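K.L.:
Have a peek at final20.pdb (PDB, C-alpha atoms).
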```pdb
ATOM      1  CA  MET A 168     124.404  52.945  74.051  1.00  0.00           C
ATOM      2  CA  LYS A 169     126.799  55.577  75.344  1.00  0.00           C
ATOM      3  CA  THR A 170     125.516  57.986  72.711  1.00  0.00           C
ATOM      4  CA  LYS A 171     121.915  57.482  73.898  1.00  0.00           C
ATOM      5  CA  GLN A 172     122.930  57.976  77.546  1.00  0.00           C
ATOM      6  CA  SER A 173     124.857  61.142  76.696  1.00  0.00           C
ATOM      7  CA  LEU A 174     121.893  62.488  74.757  1.00  0.00           C
ATOM      8  CA  ALA A 175     119.554  61.787  77.679  1.00  0.00           C
ATOM      9  CA  ILE A 176     121.874  63.521  80.155  1.00  0.00           C
ATOM     10  CA  TRP A 177     122.214  66.508  77.813  1.00  0.00           C
ATOM     11  CA  ARG A 178     118.396  66.813  77.616  1.00  0.00           C
ATOM     12  CA  VAL A 179     118.133  66.800  81.416  1.00  0.00           C
ATOM     13  CA  PHE A 180     120.671  69.634  81.714  1.00  0.00           C
ATOM     14  CA  VAL A 181     118.892  71.654  79.038  1.00  0.00           C
ATOM     15  CA  PHE A 182     115.560  71.215  80.851  1.00  0.00           C
ATOM     16  CA  LEU A 183     117.022  72.284  84.201  1.00  0.00           C
ATOM     17  CA  GLY A 184     118.688  75.317  82.622  1.00  0.00           C
ATOM     18  CA  VAL A 185     115.446  76.485  81.017  1.00  0.00           C
ATOM     19  CA  ALA A 186     113.555  75.995  84.282  1.00  0.00           C
ATOM     20  CA  LEU A 187     116.181  77.967  86.205  1.00  0.00           C
ATOM     21  CA  LEU A 188     116.089  80.850  83.729  1.00  0.00           C
ATOM     22  CA  ALA A 189     112.301  80.937  83.847  1.00  0.00           C
ATOM     23  CA  GLY A 190     112.382  81.075  87.637  1.00  0.00           C
ATOM     24  CA  CYS A 191     114.926  83.899  87.625  1.00  0.00           C
ATOM     25  CA  GLY A 192     112.830  85.866  85.191  1.00  0.00           C
ATOM     26  CA  LYS A 193     109.762  85.939  87.424  1.00  0.00           C
ATOM     27  CA  LYS A 194     109.029  89.159  89.258  1.00  0.00           C
ATOM     28  CA  GLU A 195     108.731  88.895  93.006  1.00  0.00           C
ATOM     29  CA  THR A 196     105.258  90.376  93.285  1.00  0.00           C
ATOM     30  CA  THR A 197     103.537  87.941  95.613  1.00  0.00           C
ATOM     31  CA  GLU A 198     104.620  89.799  98.745  1.00  0.00           C
ATOM     32  CA  GLU A 199     103.161  93.054  97.447  1.00  0.00           C
ATOM     33  CA  GLN A 200      99.714  91.632  96.763  1.00  0.00           C
ATOM     34  CA  PRO A 201      96.983  90.813  99.287  1.00  0.00           C
ATOM     35  CA  ALA A 202      96.931  87.147 100.271  1.00  0.00           C
ATOM     36  CA  SER A 203      93.586  86.662  98.485  1.00  0.00           C
ATOM     37  CA  ALA A 204      91.417  88.621  96.095  1.00  0.00           C
ATOM     38  CA  PRO A 205      89.155  91.006  98.050  1.00  0.00           C
ATOM     39  CA  ALA A 206      85.450  90.286  98.152  1.00  0.00           C
ATOM     40  CA  ALA A 207      82.967  92.777  96.774  1.00  0.00           C
ATOM     41  CA  ALA A 208      82.680  95.831  98.994  1.00  0.00           C
ATOM     42  CA  THR A 209      79.790  95.863 101.453  1.00  0.00           C
ATOM     43  CA  PRO A 210      77.595  98.889 100.721  1.00  0.00           C
ATOM     44  CA  ILE A 211      76.866 101.402 103.474  1.00  0.00           C
ATOM     45  CA  ASP A 212      73.579 103.291 103.386  1.00  0.00           C
ATOM     46  CA  PRO A 213      74.561 106.985 103.463  1.00  0.00           C
ATOM     47  CA  ALA A 214      71.182 107.790 105.018  1.00  0.00           C
ATOM     48  CA  THR A 215      72.223 105.926 108.192  1.00  0.00           C
ATOM     49  CA  ALA A 216      75.950 106.757 108.251  1.00  0.00           C
ATOM     50  CA  ALA A 217      77.346 107.957 111.589  1.00  0.00           C
ATOM     51  CA  SER A 218      80.531 109.678 112.731  1.00  0.00           C
ATOM     52  CA  VAL A 219      83.008 109.828 115.594  1.00  0.00           C
ATOM     53  CA  SER A 220      85.093 112.884 116.411  1.00  0.00           C
ATOM     54  CA  GLY A 221      87.056 114.177 119.345  1.00  0.00           C
ATOM     55  CA  THR A 222      90.296 115.556 120.712  1.00  0.00           C
ATOM     56  CA  VAL A 223      93.496 113.833 121.790  1.00  0.00           C
ATOM     57  CA  LYS A 224      94.946 115.590 124.826  1.00  0.00           C
ATOM     58  CA  PHE A 225      98.237 115.453 126.704  1.00  0.00           C
ATOM     59  CA  ASP A 226      98.213 115.662 130.503  1.00  0.00           C
ATOM     60  CA  GLY A 227     101.474 116.926 131.927  1.00  0.00           C
ATOM     61  CA  ALA A 228     104.407 119.103 131.034  1.00  0.00           C
ATOM     62  CA  ALA A 229     105.029 119.017 127.305  1.00  0.00           C
ATOM     63  CA  PRO A 230     108.510 117.679 126.531  1.00  0.00           C
ATOM     64  CA  LYS A 231     110.791 120.131 124.774  1.00  0.00           C
ATOM     65  CA  PRO A 232     111.407 118.948 121.200  1.00  0.00           C
ATOM     66  CA  ALA A 233     114.975 117.798 120.706  1.00  0.00           C
ATOM     67  CA  LYS A 234     116.959 119.709 118.099  1.00  0.00           C
ATOM     68  CA  ILE A 235     118.337 117.635 115.233  1.00  0.00           C
ATOM     69  CA  ASP A 236     121.781 118.246 113.796  1.00  0.00           C
ATOM     70  CA  MET A 237     121.574 117.967 109.998  1.00  0.00           C
ATOM     71  CA  SER A 238     125.048 119.352 109.288  1.00  0.00           C
ATOM     72  CA  GLN A 239     126.275 116.074 107.777  1.00  0.00           C
ATOM     73  CA  ASP A 240     124.481 117.066 104.559  1.00  0.00           C
ATOM     74  CA  PRO A 241     124.893 120.711 103.436  1.00  0.00           C
ATOM     75  CA  ASN A 242     121.772 120.303 101.276  1.00  0.00           C
ATOM     76  CA  CYS A 243     119.662 119.888 104.404  1.00  0.00           C
ATOM     77  CA  ALA A 244     119.172 123.537 105.287  1.00  0.00           C
ATOM     78  CA  GLY A 245     117.032 125.003 108.040  1.00  0.00           C
ATOM     79  CA  GLY A 246     116.092 123.889 111.529  1.00  0.00           C
ATOM     80  CA  ASN A 247     114.697 120.535 112.470  1.00  0.00           C
ATOM     81  CA  THR A 248     113.315 119.056 115.677  1.00  0.00           C
ATOM     82  CA  ALA A 249     112.227 115.566 116.701  1.00  0.00           C
ATOM     83  CA  GLU A 250     108.554 114.716 116.170  1.00  0.00           C
ATOM     84  CA  ASN A 251     108.221 111.717 118.472  1.00  0.00           C
ATOM     85  CA  ILE A 252     106.028 113.704 120.906  1.00  0.00           C
ATOM     86  CA  VAL A 253     104.465 116.900 119.541  1.00  0.00           C
ATOM     87  CA  VAL A 254     102.290 118.814 122.003  1.00  0.00           C
ATOM     88  CA  SER A 255     100.671 122.201 121.474  1.00  0.00           C
ATOM     89  CA  GLY A 256      98.381 123.804 124.026  1.00  0.00           C
ATOM     90  CA  GLY A 257      97.806 120.471 125.747  1.00  0.00           C
ATOM     91  CA  HIS A 258      96.873 118.742 122.487  1.00  0.00           C
ATOM     92  CA  LEU A 259      98.760 115.727 121.124  1.00  0.00           C
ATOM     93  CA  GLU A 260      99.594 115.516 117.429  1.00  0.00           C
ATOM     94  CA  ASN A 261     100.402 112.471 115.263  1.00  0.00           C
ATOM     95  CA  VAL A 262      98.132 109.971 117.020  1.00  0.00           C
ATOM     96  CA  PHE A 263      96.753 107.373 114.618  1.00  0.00           C
ATOM     97  CA  ILE A 264      93.064 106.676 115.268  1.00  0.00           C
ATOM     98  CA  TYR A 265      91.203 103.815 113.594  1.00  0.00           C
ATOM     99  CA  VAL A 266      88.283 101.412 113.990  1.00  0.00           C
ATOM    100  CA  LYS A 267      89.992  98.396 115.509  1.00  0.00           C
ATOM    101  CA  ASP A 268      86.932  96.200 115.967  1.00  0.00           C
ATOM    102  CA  GLY A 269      83.241  96.183 115.075  1.00  0.00           C
ATOM    103  CA  LEU A 270      83.209  96.083 111.286  1.00  0.00           C
ATOM    104  CA  GLY A 271      82.873  92.300 111.182  1.00  0.00           C
ATOM    105  CA  ASN A 272      83.377  90.787 107.741  1.00  0.00           C
ATOM    106  CA  ARG A 273      82.720  94.007 105.852  1.00  0.00           C
ATOM    107  CA  THR A 274      85.042  94.722 102.959  1.00  0.00           C
ATOM    108  CA  PHE A 275      85.864  98.049 101.338  1.00  0.00           C
ATOM    109  CA  ASP A 276      87.045  99.206  97.946  1.00  0.00           C
ATOM    110  CA  VAL A 277      90.675 100.278  97.784  1.00  0.00           C
ATOM    111  CA  PRO A 278      90.824 104.002  96.923  1.00  0.00           C
ATOM    112  CA  LYS A 279      92.061 104.684  93.405  1.00  0.00           C
ATOM    113  CA  ASP A 280      93.704 107.931  94.480  1.00  0.00           C
ATOM    114  CA  ALA A 281      97.247 107.682  95.807  1.00  0.00           C
ATOM    115  CA  VAL A 282      98.370 109.284  99.052  1.00  0.00           C
ATOM    116  CA  THR A 283     101.558 111.336  98.987  1.00  0.00           C
ATOM    117  CA  LEU A 284     104.592 110.963 101.221  1.00  0.00           C
ATOM    118  CA  ALA A 285     106.873 113.942 100.675  1.00  0.00           C
ATOM    119  CA  GLN A 286     110.529 114.452 101.553  1.00  0.00           C
ATOM    120  CA  SER A 287     111.065 118.145 102.117  1.00  0.00           C
ATOM    121  CA  GLY A 288     113.666 119.932 104.227  1.00  0.00           C
ATOM    122  CA  CYS A 289     115.157 116.488 104.928  1.00  0.00           C
ATOM    123  CA  LYS A 290     111.998 115.545 106.799  1.00  0.00           C
ATOM    124  CA  TYR A 291     109.196 113.150 105.971  1.00  0.00           C
ATOM    125  CA  ARG A 292     105.862 114.896 105.588  1.00  0.00           C
ATOM    126  CA  PRO A 293     103.559 113.839 107.116  1.00  0.00           C
ATOM    127  CA  HIS A 294     105.115 112.178 110.136  1.00  0.00           C
ATOM    128  CA  VAL A 295     102.197 109.720 110.423  1.00  0.00           C
ATOM    129  CA  LEU A 296     100.358 108.567 107.313  1.00  0.00           C
ATOM    130  CA  GLY A 297      97.245 106.400 107.026  1.00  0.00           C
ATOM    131  CA  VAL A 298      96.573 104.201 103.999  1.00  0.00           C
ATOM    132  CA  MET A 299      94.398 101.222 103.112  1.00  0.00           C
ATOM    133  CA  VAL A 300      95.792  97.799 102.249  1.00  0.00           C
ATOM    134  CA  GLY A 301      96.714  97.861  98.565  1.00  0.00           C
ATOM    135  CA  GLN A 302      96.411 101.643  98.206  1.00  0.00           C
ATOM    136  CA  THR A 303      99.210 103.396  96.325  1.00  0.00           C
ATOM    137  CA  ILE A 304     101.641 105.607  98.213  1.00  0.00           C
ATOM    138  CA  LYS A 305     103.355 108.155  95.984  1.00  0.00           C
ATOM    139  CA  ILE A 306     106.775 109.056  97.409  1.00  0.00           C
ATOM    140  CA  VAL A 307     108.180 112.391  96.258  1.00  0.00           C
ATOM    141  CA  ASN A 308     111.660 113.837  96.774  1.00  0.00           C
ATOM    142  CA  GLY A 309     111.493 117.633  96.887  1.00  0.00           C
ATOM    143  CA  ASP A 310     115.024 118.055  98.249  1.00  0.00           C
ATOM    144  CA  PRO A 311     118.283 118.782  96.373  1.00  0.00           C
ATOM    145  CA  THR A 312     119.812 115.633  97.837  1.00  0.00           C
ATOM    146  CA  THR A 313     119.368 111.884  97.470  1.00  0.00           C
ATOM    147  CA  HIS A 314     117.169 110.066  99.953  1.00  0.00           C
ATOM    148  CA  ASN A 315     117.001 106.369 100.705  1.00  0.00           C
ATOM    149  CA  ILE A 316     113.519 105.211 101.706  1.00  0.00           C
ATOM    150  CA  HIS A 317     113.561 102.103 103.887  1.00  0.00           C
ATOM    151  CA  PRO A 318     110.393 100.710 105.522  1.00  0.00           C
ATOM    152  CA  THR A 319     111.117  98.130 108.244  1.00  0.00           C
ATOM    153  CA  PRO A 320     107.811  96.277 108.675  1.00  0.00           C
ATOM    154  CA  LYS A 321     106.943  93.208 110.715  1.00  0.00           C
ATOM    155  CA  ASP A 322     104.124  91.863 108.536  1.00  0.00           C
ATOM    156  CA  ASN A 323     104.852  93.335 105.105  1.00  0.00           C
ATOM    157  CA  ARG A 324     107.711  93.062 102.640  1.00  0.00           C
ATOM    158  CA  GLU A 325     110.768  95.135 103.505  1.00  0.00           C
ATOM    159  CA  TRP A 326     112.357  97.211 100.769  1.00  0.00           C
ATOM    160  CA  ASN A 327     115.070  99.815 100.479  1.00  0.00           C
ATOM    161  CA  GLU A 328     115.250 102.208  97.523  1.00  0.00           C
ATOM    162  CA  SER A 329     117.185 105.370  96.713  1.00  0.00           C
ATOM    163  CA  GLN A 330     115.539 108.417  95.167  1.00  0.00           C
ATOM    164  CA  ALA A 331     117.654 111.143  93.555  1.00  0.00           C
ATOM    165  CA  PRO A 332     116.652 114.821  93.464  1.00  0.00           C
ATOM    166  CA  GLN A 333     113.816 115.482  90.996  1.00  0.00           C
ATOM    167  CA  ALA A 334     113.529 111.766  90.270  1.00  0.00           C
ATOM    168  CA  PRO A 335     110.080 110.436  89.331  1.00  0.00           C
ATOM    169  CA  PRO A 336     107.858 109.555  92.298  1.00  0.00           C
ATOM    170  CA  LEU A 337     108.138 106.047  93.698  1.00  0.00           C
ATOM    171  CA  GLU A 338     104.816 104.191  93.865  1.00  0.00           C
ATOM    172  CA  LYS A 339     104.491 101.533  96.538  1.00  0.00           C
ATOM    173  CA  THR A 340     101.762  99.501  98.235  1.00  0.00           C
ATOM    174  CA  PHE A 341     101.531  97.370 101.376  1.00  0.00           C
ATOM    175  CA  ALA A 342      99.666  94.075 101.261  1.00  0.00           C
ATOM    176  CA  ARG A 343      98.875  93.522 104.940  1.00  0.00           C
ATOM    177  CA  GLU A 344      97.405  95.451 107.819  1.00  0.00           C
ATOM    178  CA  GLU A 345     100.104  96.929 110.059  1.00  0.00           C
ATOM    179  CA  VAL A 346      99.765  99.927 112.378  1.00  0.00           C
ATOM    180  CA  LEU A 347     102.702 102.327 112.802  1.00  0.00           C
ATOM    181  CA  LEU A 348     105.002 100.656 110.292  1.00  0.00           C
ATOM    182  CA  PRO A 349     108.386 102.443 110.658  1.00  0.00           C
ATOM    183  CA  VAL A 350     110.003 104.153 107.677  1.00  0.00           C
ATOM    184  CA  LYS A 351     113.526 105.593 107.787  1.00  0.00           C
ATOM    185  CA  CYS A 352     116.087 107.137 105.440  1.00  0.00           C
ATOM    186  CA  ASN A 353     119.453 105.417 105.305  1.00  0.00           C
ATOM    187  CA  GLN A 354     121.082 108.605 104.005  1.00  0.00           C
ATOM    188  CA  HIS A 355     119.789 110.795 106.838  1.00  0.00           C
ATOM    189  CA  PRO A 356     119.394 108.832 110.092  1.00  0.00           C
ATOM    190  CA  TRP A 357     117.183 111.458 111.753  1.00  0.00           C
ATOM    191  CA  MET A 358     114.488 111.029 109.077  1.00  0.00           C
ATOM    192  CA  ARG A 359     111.747 108.784 110.418  1.00  0.00           C
ATOM    193  CA  MET A 360     107.998 108.442 109.954  1.00  0.00           C
ATOM    194  CA  PHE A 361     105.222 105.855 110.284  1.00  0.00           C
ATOM    195  CA  VAL A 362     102.735 104.395 107.820  1.00  0.00           C
ATOM    196  CA  SER A 363      99.594 102.797 109.244  1.00  0.00           C
ATOM    197  CA  VAL A 364      98.062 100.236 106.881  1.00  0.00           C
ATOM    198  CA  VAL A 365      94.448  99.265 107.642  1.00  0.00           C
ATOM    199  CA  LYS A 366      91.633  97.347 105.959  1.00  0.00           C
ATOM    200  CA  SER A 367      88.964 100.034 106.145  1.00  0.00           C
ATOM    201  CA  PRO A 368      88.704 103.739 105.305  1.00  0.00           C
ATOM    202  CA  PHE A 369      87.762 104.539 108.897  1.00  0.00           C
ATOM    203  CA  TYR A 370      90.899 106.146 110.284  1.00  0.00           C
ATOM    204  CA  ALA A 371      92.365 109.566 111.032  1.00  0.00           C
ATOM    205  CA  VAL A 372      95.497 111.264 112.389  1.00  0.00           C
ATOM    206  CA  SER A 373      95.247 113.891 115.112  1.00  0.00           C
ATOM    207  CA  GLY A 374      96.306 117.362 113.985  1.00  0.00           C
ATOM    208  CA  SER A 375      98.205 120.072 115.838  1.00  0.00           C
ATOM    209  CA  ASP A 376      94.963 120.873 117.693  1.00  0.00           C
ATOM    210  CA  GLY A 377      94.561 117.214 118.688  1.00  0.00           C
ATOM    211  CA  LYS A 378      91.313 116.920 116.750  1.00  0.00           C
ATOM    212  CA  PHE A 379      90.168 114.045 114.548  1.00  0.00           C
ATOM    213  CA  GLU A 380      87.019 112.895 112.764  1.00  0.00           C
ATOM    214  CA  ILE A 381      85.956 109.559 111.275  1.00  0.00           C
ATOM    215  CA  LYS A 382      82.858 109.767 109.071  1.00  0.00           C
ATOM    216  CA  GLY A 383      80.616 107.387 107.142  1.00  0.00           C
ATOM    217  CA  LEU A 384      80.419 104.549 109.672  1.00  0.00           C
ATOM    218  CA  PRO A 385      77.447 102.169 109.610  1.00  0.00           C
ATOM    219  CA  PRO A 386      75.513 101.901 112.890  1.00  0.00           C
ATOM    220  CA  GLY A 387      77.124  99.475 115.332  1.00  0.00           C
ATOM    221  CA  ASP A 388      79.330  98.841 118.361  1.00  0.00           C
ATOM    222  CA  TYR A 389      82.967  99.737 117.808  1.00  0.00           C
ATOM    223  CA  THR A 390      86.369  99.759 119.421  1.00  0.00           C
ATOM    224  CA  ILE A 391      88.302 102.880 118.472  1.00  0.00           C
ATOM    225  CA  ALA A 392      92.081 102.607 118.909  1.00  0.00           C
ATOM    226  CA  PHE A 393      94.335 105.592 119.563  1.00  0.00           C
ATOM    227  CA  VAL A 394      97.974 104.708 118.854  1.00  0.00           C
ATOM    228  CA  HIS A 395     101.063 106.841 119.462  1.00  0.00           C
ATOM    229  CA  GLU A 396     104.637 105.903 118.598  1.00  0.00           C
ATOM    230  CA  LYS A 397     105.976 106.651 122.100  1.00  0.00           C
ATOM    231  CA  LEU A 398     102.952 106.711 124.405  1.00  0.00           C
ATOM    232  CA  GLY A 399     101.335 103.457 123.354  1.00  0.00           C
ATOM    233  CA  GLU A 400      97.695 102.614 122.644  1.00  0.00           C
ATOM    234  CA  GLN A 401      94.361 103.449 124.228  1.00  0.00           C
ATOM    235  CA  ASP A 402      91.093 101.803 123.191  1.00  0.00           C
ATOM    236  CA  GLN A 403      87.629 103.291 123.593  1.00  0.00           C
ATOM    237  CA  LYS A 404      84.223 101.659 123.075  1.00  0.00           C
ATOM    238  CA  VAL A 405      81.495 103.553 121.270  1.00  0.00           C
ATOM    239  CA  THR A 406      77.979 102.645 120.108  1.00  0.00           C
ATOM    240  CA  LEU A 407      76.648 104.453 117.071  1.00  0.00           C
ATOM    241  CA  ALA A 408      73.003 104.590 116.075  1.00  0.00           C
ATOM    242  CA  ALA A 409      71.812 105.613 112.611  1.00  0.00           C
ATOM    243  CA  LYS A 410      72.913 109.182 111.776  1.00  0.00           C
ATOM    244  CA  ASP A 411      74.637 109.350 115.157  1.00  0.00           C
ATOM    245  CA  SER A 412      77.497 111.708 115.946  1.00  0.00           C
ATOM    246  CA  LYS A 413      79.532 110.824 119.011  1.00  0.00           C
ATOM    247  CA  THR A 414      82.435 112.605 120.681  1.00  0.00           C
ATOM    248  CA  VAL A 415      85.297 110.511 122.035  1.00  0.00           C
ATOM    249  CA  ASP A 416      88.169 112.314 123.744  1.00  0.00           C
ATOM    250  CA  VAL A 417      91.279 110.611 125.123  1.00  0.00           C
ATOM    251  CA  THR A 418      94.187 111.808 127.239  1.00  0.00           C
ATOM    252  CA  PHE A 419      97.747 110.522 127.135  1.00  0.00           C
ATOM    253  CA  LYS A 420     100.228 111.084 129.953  1.00  0.00           C
ATOM    254  CA  PRO A 421     104.038 111.123 129.959  1.00  0.00           C
ATOM    255  CA  GLY A 422     105.364 107.592 130.153  1.00  0.00           C
ATOM    256  CA  SER A 423     101.974 106.011 129.430  1.00  0.00           C
TER     257      SER A 423
END
```
Represent the structure of the file as structure tokens.
P.N.:
Amino acid sequence: MKTKQSLAIWRVFVFLGVALLAGCGKKETTEEQPASAPAAATPIDPATAASVSGTVKFDGAAPKPAKIDMSQDPNCAGGNTAENIVVSGGHLENVFIYVKDGLGNRTFDVPKDAVTLAQSGCKYRPHVLGVMVGQTIKIVNGDPTTHNIHPTPKDNREWNESQAPQAPPLEKTFAREEVLLPVKCNQHPWMRMFVSVVKSPFYAVSGSDGKFEIKGLPPGDYTIAFVHEKLGEQDQKVTLAAKDSKTVDVTFKPGS
């Protein structure tokens, strides 16, 4: 009897051990994948496609960019200034613009091409990056020093990974929509940028001239959001007819 009981207990422990090892061997990939498989993309008739373009302006005295001291790492040569508010000739750079509302239940294919986030001169380039949910971001270290890439999202999985000089690119994706997701470098505290993850290809980032353009939209009524890391968000309504081309300009003010 005792032998049978001992054998039964031994079998239970063996089963639990195998189950535990199997669980430990699983890759934690669920957080990196969309919650559900995407539906087939809704086609857009190119013969009716419309566009929105415009200029993002800054009303007021442009703040003087703060100088950044990079002397803690001798490999970080050259000058560097903060990019939280970049104004040139009354135009505001690094504003993320996207279609916030109006696309309904439309779905879109995830681009096969990766977008590149470079580390050069101990700065992230670009400072604001747009990407679709599930699209690959290729992270490249072009500096002679190690960087430590650390996104701190609210709705996506947080990760923290070092990248040595001339190391192979890191390839990452984000599974959920999240606008202005902060990314920092734990090695160089001044390094900071933002990734905006959206569900459609209809987005842009204002350039040094404040200009942007979003093309290929189907006719409809839309809310266009303009989002800046320090100056907040402005929304504009626009109605697009077939083959329409509308201009939407916005102006941000200090402290807005």
K.L.:
Can you list what the PyMOL selection byres ((chain A and resi 421) around 10) grabs from this structure, as a PDB file with C-alpha atoms, in the coordinates of the input?
P.N.:
```
ATOM      1  CA  PHE A 225      98.237 115.453 126.704  1.00  0.00           C
ATOM      2  CA  ASP A 226      98.213 115.662 130.503  1.00  0.00           C
ATOM      3  CA  GLY A 227     101.474 116.926 131.927  1.00  0.00           C
ATOM      4  CA  ALA A 228     104.407 119.103 131.034  1.00  0.00           C
ATOM      5  CA  ALA A 229     105.029 119.017 127.305  1.00  0.00           C
ATOM      6  CA  PRO A 230     108.510 117.679 126.531  1.00  0.00           C
ATOM      7  CA  ILE A 252     106.028 113.704 120.906  1.00  0.00           C
ATOM      8  CA  LYS A 397     105.976 106.651 122.100  1.00  0.00           C
ATOM      9  CA  LEU A 398     102.952 106.711 124.405  1.00  0.00           C
ATOM     10  CA  PHE A 419      97.747 110.522 127.135  1.00  0.00           C
ATOM     11  CA  LYS A 420     100.228 111.084 129.953  1.00  0.00           C
ATOM     12  CA  GLY A 422     105.364 107.592 130.153  1.00  0.00           C
ATOM     13  CA  SER A 423     101.974 106.011 129.430  1.00  0.00           C
TER      14      SER A 423
END
```
K.L.:
How many Å lie between atom CA of Thr414 of chain A and atom CA of Ser218 of chain A, rounded to one decimal?
P.N.:
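Going from atom CA of Thr414 of chain A over to atom CA of Ser218 of chain A, I get 8.7 Å.
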K.L.:
So how many Å separate atom CA of Ser367 of chain A and atom CA of Val277 of chain A, to one decimal?
P.N.:
8.5 Å
K.L.:
Go ahead and compute the interatomic distance for atom CA of Val417 of chain A and atom CA of Ile381 of chain A, in Å to one decimal.
P.N.:
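Atom-to-atom, atom CA of Val417 of chain A and atom CA of Ile381 of chain A are spaced 14.9 Å apart.
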K.L.:
Mind checking which residues fall within 8 Å of Ile316 of chain A, counting all atoms listed in the file, ignoring those fewer than 3 positions away in the same chain, and posting them as an NGL selection string?
P.N.:
:A and (327-330 or 350-353)
K.L.:
Let me know the residues the PyMOL selection byres ((chain A and resi 359-364) around 10) catches in the file above, as a ChimeraX atom specification.
P.N.:
/A:249-251,261,263-265,284,290-302,304,316-320,323,340-353,355-358,365-367,370,372,394,396
K.L.:
Save out the residues we just selected, C-alpha atoms, as an mmCIF file, keeping the file's coordinate frame.
P.N.:
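The resulting file, selection.cif, is shown below:
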```cif
data_model
loop_
_atom_site.group_PDB
_atom_site.id
_atom_site.type_symbol
_atom_site.label_atom_id
_atom_site.label_comp_id
_atom_site.auth_asym_id
_atom_site.auth_seq_id
_atom_site.Cartn_x
_atom_site.Cartn_y
_atom_site.Cartn_z
ATOM 1 C CA ALA A 249 112.227 115.566 116.701
ATOM 2 C CA GLU A 250 108.554 114.716 116.170
ATOM 3 C CA ASN A 251 108.221 111.717 118.472
ATOM 4 C CA ASN A 261 100.402 112.471 115.263
ATOM 5 C CA PHE A 263 96.753 107.373 114.618
ATOM 6 C CA ILE A 264 93.064 106.676 115.268
ATOM 7 C CA TYR A 265 91.203 103.815 113.594
ATOM 8 C CA LEU A 284 104.592 110.963 101.221
ATOM 9 C CA LYS A 290 111.998 115.545 106.799
ATOM 10 C CA TYR A 291 109.196 113.150 105.971
ATOM 11 C CA ARG A 292 105.862 114.896 105.588
ATOM 12 C CA PRO A 293 103.559 113.839 107.116
ATOM 13 C CA HIS A 294 105.115 112.178 110.136
ATOM 14 C CA VAL A 295 102.197 109.720 110.423
ATOM 15 C CA LEU A 296 100.358 108.567 107.313
ATOM 16 C CA GLY A 297 97.245 106.400 107.026
ATOM 17 C CA VAL A 298 96.573 104.201 103.999
ATOM 18 C CA MET A 299 94.398 101.222 103.112
ATOM 19 C CA VAL A 300 95.792 97.799 102.249
ATOM 20 C CA GLY A 301 96.714 97.861 98.565
ATOM 21 C CA GLN A 302 96.411 101.643 98.206
ATOM 22 C CA ILE A 304 101.641 105.607 98.213
ATOM 23 C CA ILE A 316 113.519 105.211 101.706
ATOM 24 C CA HIS A 317 113.561 102.103 103.887
ATOM 25 C CA PRO A 318 110.393 100.710 105.522
ATOM 26 C CA THR A 319 111.117 98.130 108.244
ATOM 27 C CA PRO A 320 107.811 96.277 108.675
ATOM 28 C CA ASN A 323 104.852 93.335 105.105
ATOM 29 C CA THR A 340 101.762 99.501 98.235
ATOM 30 C CA PHE A 341 101.531 97.370 101.376
ATOM 31 C CA ALA A 342 99.666 94.075 101.261
ATOM 32 C CA ARG A 343 98.875 93.522 104.940
ATOM 33 C CA GLU A 344 97.405 95.451 107.819
ATOM 34 C CA GLU A 345 100.104 96.929 110.059
ATOM 35 C CA VAL A 346 99.765 99.927 112.378
ATOM 36 C CA LEU A 347 102.702 102.327 112.802
ATOM 37 C CA LEU A 348 105.002 100.656 110.292
ATOM 38 C CA PRO A 349 108.386 102.443 110.658
ATOM 39 C CA VAL A 350 110.003 104.153 107.677
ATOM 40 C CA LYS A 351 113.526 105.593 107.787
ATOM 41 C CA CYS A 352 116.087 107.137 105.440
ATOM 42 C CA ASN A 353 119.453 105.417 105.305
ATOM 43 C CA HIS A 355 119.789 110.795 106.838
ATOM 44 C CA PRO A 356 119.394 108.832 110.092
ATOM 45 C CA TRP A 357 117.183 111.458 111.753
ATOM 46 C CA MET A 358 114.488 111.029 109.077
ATOM 47 C CA VAL A 365 94.448 99.265 107.642
ATOM 48 C CA LYS A 366 91.633 97.347 105.959
ATOM 49 C CA SER A 367 88.964 100.034 106.145
ATOM 50 C CA TYR A 370 90.899 106.146 110.284
ATOM 51 C CA VAL A 372 95.497 111.264 112.389
ATOM 52 C CA VAL A 394 97.974 104.708 118.854
ATOM 53 C CA GLU A 396 104.637 105.903 118.598
#
```
K.L.:
Can you tell me, as number ranges by chain, what residues are no more than 10 Å from Lys305 of chain A when counting only C-alpha atoms, ignoring any on the same chain fewer than 2 positions away?
P.N.:
A: 280-285, 302-303, 307, 335-340
K.L.:
Given the file shown, determine the residues that the PyMOL selection byres ((chain A and resi 375) around 8) selects; report them as a PyMOL selection string.
P.N.:
chain A and resi 253-255+258-261+373-374+376-378
K.L.:
So which residues fall inside 6 Å of (90.5, 113.8, 123.0) if we count all atoms listed in the file? Mind giving them as a PyMOL selection string?
P.N.:
chain A and resi 221-224+416-418
